[in-house]
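Novice: Attaching a single structure in structure tokens format; questions to follow.
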Amino acid sequence: MTIVVERETEVNSLTSITADVVKSEDFVIGDDAEEQGKCRAILAALSSEEIGAMPDKNMPLRHLRAEDGEVDKAISKLKSTLKWRKEFGVSEILAGSDEMMKIFSVENATGKIYARGYDADGRAILYLKPGLENTKDEKNQMRHLVYNLERAIASSLRKSGGKVEKLNILIDFEGFSLWNAPPLSSTKETLNILQNHYPERMYRAYLCNPPGYFSVFWAMAKPFIDPVTKEKIVFCKGASGMQKVKEAFPNLEKLEFCAGGKADRVFDSKEYLSTDFSSTFDE
């Protein structure tokens with residue numbers, strides 16, 4: 001598959017960062033001298049192998065900001081994420097082997113997670129539809145989540161010309177019930193991936209028309225959500241709630257009905273999985 005080959009080439013180029021690159025001022029980024037100095041300290045604490053495993057040059061800064069500028073914590077979290085990416089097989093997920101694509105064809109069949117459209121600043125929208133859950137293999141579910149997170153990030157970067165590396169999450173609760181709600185273990189692992197391994201990637205999470213009984217599920221999940229993530233969660237219920245979404249995503253032609261938009265084309269999983277990795281559905 002051409003798309004897989006192109007993506008694999010991109011992954012290989014990203015992982016070609018070496019210790020020599022660290023010496024370049026282009027690698028040490030930040031808004032001011034203090035942030036740049038802290039990024040240098042983070043990089044100095046990494047091995048050559050860890051530096052080579054970083055997916056992009058902004059990774060140290062994201063972890064630094066996620067830890068409120070605390071260098072030691074940022075180093076610990078970044079090292080943990082690099083170890084997780086290796087053990088979880090993120091590079092294999094991105095390479096799109098036949099085995100992985102078979103997994104994604106099953107996990108993605110109902111359209112429970114996919115990227116579609118952007119906000120006004122070029123951040124991709126990642127739709128999560130828990131009511132369409134169709135499998136019980138937690139590892140493959142998380143692989144599918146990571147595939148879509150990486151795809152949404154790649155789409156944001158392409159759409160913005162490399163200026164935006166964040167995404168929006170929009171959760172559609174149609175069909176959701178306590179009977180098909182994900183187990184607590186899946187919820188905890190989803191939060192672990194989002195908060196610990198993709199810090200500073202989520203711009204906002206919009207929860208569209210959650211049912212009244214969602215409060216039970218929310219009560220169980222809330223203790224595992226860190227304060228920074230909580231501040232980014234927007235509950236959108238009723239007309240006033242939908243207005244919040246419309247203000248965030250002014251292109252209603254590309255926004256789905258569940259969020260008050262007008263996009264009426266039904267999601268096609270086969271099309272989505274076969275199109276360019278750095279694009280969202282129905283571009």
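Chains: A, B, ... in order of the structure tokens. Residues: from 1 per chain. Ligands: from 1, in order shown.
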Restrict the calculation to only C-alpha atoms, then for each residue of stretch 25-132 of chain A with any atom at most 12 Å from an atom of stretch 202-223 of chain A give the closest atom pair and their distance in Å to one decimal, rows by chain and rising residue number, as a tab-separated table.

Specialist:
residue	atom	partner	partner_atom	distance
A:Arg62	CA	A:Met202	CA	11.3
A:Ala66	CA	A:Met202	CA	11.4
A:Tyr118	CA	A:Tyr203	CA	11.9
A:Asp119	CA	A:Tyr203	CA	10.5
A:Asp121	CA	A:Tyr203	CA	11.0
A:Gly122	CA	A:Tyr203	CA	11.4
A:Arg123	CA	A:Tyr203	CA	8.2
A:Ala124	CA	A:Tyr203	CA	9.9
A:Ile125	CA	A:Ala205	CA	9.5
A:Leu126	CA	A:Ala205	CA	9.2
A:Tyr127	CA	A:Tyr206	CA	9.6
A:Leu128	CA	A:Leu207	CA	9.5
A:Lys129	CA	A:Cys208	CA	10.3
A:Pro130	CA	A:Pro210	CA	11.1
A:Gly131	CA	A:Pro210	CA	11.2

Novice: Restrict the selected residues to C-alpha atoms and save them as an mmCIF file, in the first residue's frame.

Specialist:
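Written file, result-v5.cif:
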data_model
loop_
_atom_site.group_PDB
_atom_site.id
_atom_site.type_symbol
_atom_site.label_atom_id
_atom_site.label_comp_id
_atom_site.auth_asym_id
_atom_site.auth_seq_id
_atom_site.Cartn_x
_atom_site.Cartn_y
_atom_site.Cartn_z
ATOM 1 C CA ARG A 62 5.681 19.564 25.558
ATOM 2 C CA ALA A 66 2.937 19.656 30.978
ATOM 3 C CA TYR A 118 -10.666 21.105 11.646
ATOM 4 C CA ASP A 119 -11.217 24.141 13.806
ATOM 5 C CA ASP A 121 -6.796 27.351 13.476
ATOM 6 C CA GLY A 122 -6.215 24.037 11.718
ATOM 7 C CA ARG A 123 -6.525 21.675 14.673
ATOM 8 C CA ALA A 124 -7.988 18.365 13.574
ATOM 9 C CA ILE A 125 -11.174 17.060 15.200
ATOM 10 C CA LEU A 126 -11.027 13.517 16.559
ATOM 11 C CA TYR A 127 -14.508 12.031 16.949
ATOM 12 C CA LEU A 128 -15.011 9.450 19.694
ATOM 13 C CA LYS A 129 -18.306 7.570 19.633
ATOM 14 C CA PRO A 130 -18.413 5.164 22.589
ATOM 15 C CA GLY A 131 -21.914 4.007 21.660
#

Novice: Can you pull out every residue from stretch 27-222 of chain A that DSSP, working from the backbone, puts in strand (DSSP E or B), and format the result as a ChimeraX atom specification?

Specialist: /A:113-118,124-128,167-172,202-208

Novice: Generate a file of the selected residues that holds N, CA and C atoms, formatted as a short mmCIF file (atom, residue, chain, number, x, y, z; two decimals), in the first residue's frame.

Specialist:
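Saved result, again-v8.cif, follows:
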data_model
loop_
_atom_site.label_atom_id
_atom_site.label_comp_id
_atom_site.auth_asym_id
_atom_site.auth_seq_id
_atom_site.Cartn_x
_atom_site.Cartn_y
_atom_site.Cartn_z
N ILE A 113 -13.99 5.74 16.29
CA ILE A 113 -12.97 6.78 16.42
C ILE A 113 -12.45 7.12 15.02
N TYR A 114 -12.42 8.40 14.70
CA TYR A 114 -11.81 8.84 13.44
C TYR A 114 -11.65 10.35 13.45
N ALA A 115 -10.73 10.82 12.62
CA ALA A 115 -10.50 12.26 12.49
C ALA A 115 -11.32 12.80 11.32
N ARG A 116 -11.97 13.93 11.57
CA ARG A 116 -12.78 14.55 10.50
C ARG A 116 -12.89 16.06 10.73
N GLY A 117 -12.38 16.84 9.80
CA GLY A 117 -12.51 18.28 9.87
C GLY A 117 -11.52 18.95 10.82
N TYR A 118 -11.61 20.30 10.87
CA TYR A 118 -10.67 21.11 11.65
C TYR A 118 -11.37 22.30 12.28
N ALA A 124 -7.09 19.43 14.00
CA ALA A 124 -7.99 18.36 13.57
C ALA A 124 -8.99 18.02 14.67
N ILE A 125 -10.14 17.51 14.26
CA ILE A 125 -11.17 17.06 15.20
C ILE A 125 -11.16 15.53 15.22
N LEU A 126 -10.99 14.96 16.39
CA LEU A 126 -11.03 13.52 16.56
C LEU A 126 -12.35 13.14 17.20
N TYR A 127 -13.20 12.46 16.44
CA TYR A 127 -14.51 12.03 16.95
C TYR A 127 -14.37 10.72 17.71
N LEU A 128 -14.91 10.68 18.91
CA LEU A 128 -15.01 9.45 19.69
C LEU A 128 -16.49 9.15 19.91
N LEU A 167 -4.85 18.82 18.79
CA LEU A 167 -6.09 18.34 18.21
C LEU A 167 -7.24 18.60 19.16
N ASN A 168 -8.43 18.55 18.63
CA ASN A 168 -9.64 18.62 19.44
C ASN A 168 -10.26 17.22 19.51
N ILE A 169 -10.88 16.92 20.63
CA ILE A 169 -11.62 15.67 20.76
C ILE A 169 -13.09 16.01 20.92
N LEU A 170 -13.92 15.37 20.12
CA LEU A 170 -15.36 15.59 20.19
C LEU A 170 -16.04 14.25 20.45
N ILE A 171 -16.69 14.13 21.60
CA ILE A 171 -17.31 12.85 21.99
C ILE A 171 -18.81 12.91 21.74
N ASP A 172 -19.28 11.99 20.91
CA ASP A 172 -20.70 11.88 20.57
C ASP A 172 -21.29 10.73 21.38
N MET A 202 -3.82 17.71 23.33
CA MET A 202 -5.25 17.99 23.28
C MET A 202 -5.52 19.47 23.56
N TYR A 203 -6.21 20.13 22.65
CA TYR A 203 -6.57 21.53 22.85
C TYR A 203 -7.86 21.63 23.67
N ARG A 204 -8.90 20.95 23.22
CA ARG A 204 -10.17 20.90 23.96
C ARG A 204 -10.81 19.53 23.73
N ALA A 205 -11.64 19.13 24.69
CA ALA A 205 -12.47 17.94 24.53
C ALA A 205 -13.92 18.37 24.74
N TYR A 206 -14.74 18.19 23.73
CA TYR A 206 -16.15 18.58 23.79
C TYR A 206 -17.02 17.34 23.97
N LEU A 207 -17.78 17.32 25.06
CA LEU A 207 -18.67 16.19 25.34
C LEU A 207 -20.07 16.62 24.94
N CYS A 208 -20.55 16.09 23.82
CA CYS A 208 -21.81 16.55 23.23
C CYS A 208 -23.01 15.75 23.71
#

Novice: Which of these residues is nearest to A:Met59, using only C-alpha atoms: A:Gly175, A:Gly260, A:Pro199, A:Gly37?

Specialist: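 Of all the options, A:Pro199 lies closest to A:Met59.
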
Novice: Name all residues at most 12 Å from A:Tyr198 (count only C-alpha atoms; drop same-chain ones fewer than 5 positions away) and give them as JSON, numbers by chain.

Specialist: {"A": [55, 58, 59, 60, 62, 63, 66, 77, 78, 80, 81, 82, 84, 85, 145, 146, 149, 150, 153, 165, 166, 167, 190, 191, 192, 193, 203, 229]}

Novice: Stretch 4-239 of chain A: which residues are helix (DSSP H, G or I) by DSSP, as a ChimeraX atom specification?

Specialist: /A:4-14,19-22,33-44,48-53,59-66,71-88,90-95,98-107,130-132,138-159,184-197,214-224,227-231,238-239

Novice: Could you take the residues named above and write them with C-alpha atoms, as a short mmCIF file (atom, residue, chain, number, x, y, z; two decimals), in the first residue's frame?

Specialist:
data_model
loop_
_atom_site.label_atom_id
_atom_site.label_comp_id
_atom_site.auth_asym_id
_atom_site.auth_seq_id
_atom_site.Cartn_x
_atom_site.Cartn_y
_atom_site.Cartn_z
CA VAL A 4 1.85 2.79 4.32
CA VAL A 5 5.20 3.10 2.53
CA GLU A 6 5.02 6.90 2.59
CA ARG A 7 4.13 6.91 6.28
CA GLU A 8 6.89 4.44 7.12
CA THR A 9 9.42 6.66 5.33
CA GLU A 10 8.19 9.62 7.38
CA VAL A 11 8.50 7.65 10.62
CA ASN A 12 12.04 6.58 9.76
CA SER A 13 13.04 10.18 9.06
CA LEU A 14 11.59 11.34 12.35
CA ALA A 19 22.96 13.40 19.63
CA ASP A 20 24.61 15.76 17.13
CA VAL A 21 21.24 17.38 16.44
CA VAL A 22 20.93 18.29 20.11
CA ALA A 33 15.68 31.77 27.41
CA GLU A 34 14.43 30.03 30.56
CA GLU A 35 12.41 27.46 28.61
CA GLN A 36 15.27 26.94 26.18
CA GLY A 37 17.68 26.37 29.04
CA LYS A 38 15.35 23.84 30.61
CA CYS A 39 14.95 22.02 27.29
CA ARG A 40 18.74 21.77 27.08
CA ALA A 41 18.78 20.26 30.58
CA ILE A 42 16.17 17.70 29.55
CA LEU A 43 18.09 16.75 26.43
CA ALA A 44 21.32 16.44 28.41
CA SER A 48 21.62 8.90 22.41
CA GLU A 49 19.17 6.04 21.97
CA GLU A 50 16.41 8.00 23.70
CA ILE A 51 17.14 11.09 21.63
CA GLY A 52 16.96 8.99 18.47
CA ALA A 53 13.60 7.57 19.56
CA MET A 59 8.74 16.55 22.58
CA PRO A 60 10.96 17.94 25.40
CA LEU A 61 9.09 21.25 25.41
CA ARG A 62 5.68 19.56 25.56
CA HIS A 63 6.70 17.50 28.57
CA LEU A 64 8.29 20.53 30.22
CA ARG A 65 5.10 22.57 29.88
CA ALA A 66 2.94 19.66 30.98
CA VAL A 71 12.73 19.76 34.70
CA ASP A 72 13.13 16.61 36.81
CA LYS A 73 9.48 15.66 36.39
CA ALA A 74 9.64 16.38 32.66
CA ILE A 75 12.69 14.16 32.27
CA SER A 76 11.02 11.31 34.16
CA LYS A 77 7.78 11.58 32.15
CA LEU A 78 9.59 11.88 28.82
CA LYS A 79 11.74 8.83 29.53
CA SER A 80 8.60 6.93 30.55
CA THR A 81 6.87 7.90 27.32
CA LEU A 82 9.81 6.83 25.16
CA LYS A 83 9.86 3.47 26.95
CA TRP A 84 6.09 3.15 26.48
CA ARG A 85 6.28 3.99 22.75
CA LYS A 86 8.87 1.25 22.26
CA GLU A 87 7.06 -1.39 24.32
CA PHE A 88 3.61 -0.53 22.95
CA VAL A 90 3.96 2.87 18.21
CA SER A 91 6.40 2.65 15.29
CA GLU A 92 4.72 -0.60 14.16
CA ILE A 93 1.32 1.08 14.41
CA LEU A 94 2.52 3.96 12.25
CA ALA A 95 4.22 1.67 9.73
CA ASP A 98 -0.76 -5.91 7.06
CA GLU A 99 -1.30 -7.26 10.59
CA MET A 100 -1.99 -3.80 11.99
CA MET A 101 -4.28 -2.83 9.13
CA LYS A 102 -6.32 -5.99 9.74
CA ILE A 103 -6.70 -4.94 13.38
CA PHE A 104 -7.70 -1.40 12.38
CA SER A 105 -10.19 -2.65 9.78
CA VAL A 106 -12.04 -4.42 12.60
CA GLU A 107 -11.66 -1.72 15.26
CA PRO A 130 -18.41 5.16 22.59
CA GLY A 131 -21.91 4.01 21.66
CA LEU A 132 -20.40 2.32 18.59
CA GLU A 138 -8.38 -3.73 25.09
CA LYS A 139 -4.90 -3.80 23.56
CA ASN A 140 -6.24 -3.53 20.03
CA GLN A 141 -8.64 -0.82 21.14
CA MET A 142 -5.70 1.20 22.47
CA ARG A 143 -3.70 0.55 19.28
CA HIS A 144 -6.63 1.94 17.32
CA LEU A 145 -6.78 4.96 19.62
CA VAL A 146 -3.06 5.65 19.16
CA TYR A 147 -3.38 5.28 15.37
CA ASN A 148 -6.09 7.92 15.34
CA LEU A 149 -4.29 10.25 17.75
CA GLU A 150 -1.19 10.13 15.58
CA ARG A 151 -3.28 10.64 12.45
CA ALA A 152 -5.09 13.65 13.91
CA ILE A 153 -1.75 15.18 14.94
CA ALA A 154 -0.30 14.58 11.47
CA SER A 155 -3.40 16.16 9.92
CA SER A 156 -3.13 19.24 12.16
CA LEU A 157 0.52 19.67 11.20
CA ARG A 158 -0.21 19.36 7.48
CA LYS A 159 -3.26 21.62 7.56
CA LEU A 184 -12.92 1.22 34.03
CA SER A 185 -9.62 -0.37 32.94
CA SER A 186 -10.13 0.90 29.36
CA THR A 187 -11.04 4.35 30.59
CA LYS A 188 -7.97 4.50 32.83
CA GLU A 189 -5.67 3.36 30.02
CA THR A 190 -7.19 5.88 27.59
CA LEU A 191 -6.55 8.66 30.10
CA ASN A 192 -3.05 7.34 30.76
CA ILE A 193 -2.21 7.51 27.05
CA LEU A 194 -3.72 10.96 26.55
CA GLN A 195 -2.36 12.57 29.70
CA ASN A 196 1.01 10.92 30.16
CA HIS A 197 2.13 9.99 26.67
CA PHE A 214 -23.37 9.67 32.26
CA SER A 215 -22.88 11.26 35.66
CA VAL A 216 -22.38 7.76 37.09
CA PHE A 217 -19.63 7.01 34.58
CA TRP A 218 -18.13 10.49 35.06
CA ALA A 219 -17.96 9.98 38.82
CA MET A 220 -15.86 6.84 38.29
CA ALA A 221 -13.56 8.43 35.70
CA LYS A 222 -13.10 11.86 37.25
CA PRO A 223 -10.53 10.84 39.91
CA PHE A 224 -8.17 9.72 37.13
CA PRO A 227 -6.47 19.15 36.73
CA VAL A 228 -4.95 20.40 33.46
CA THR A 229 -7.05 17.97 31.41
CA LYS A 230 -10.20 18.82 33.37
CA GLU A 231 -9.82 22.48 32.42
CA GLY A 238 -28.82 21.49 24.79
CA ALA A 239 -28.95 24.55 22.55
#

Novice: Rounded to one decimal in Å, what is the spacing between atom CA of A:Gly261 and atom CA of A:Gln243?

Specialist: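 Between atom CA of A:Gly261 and atom CA of A:Gln243 the gap works out to 10.4 Å.
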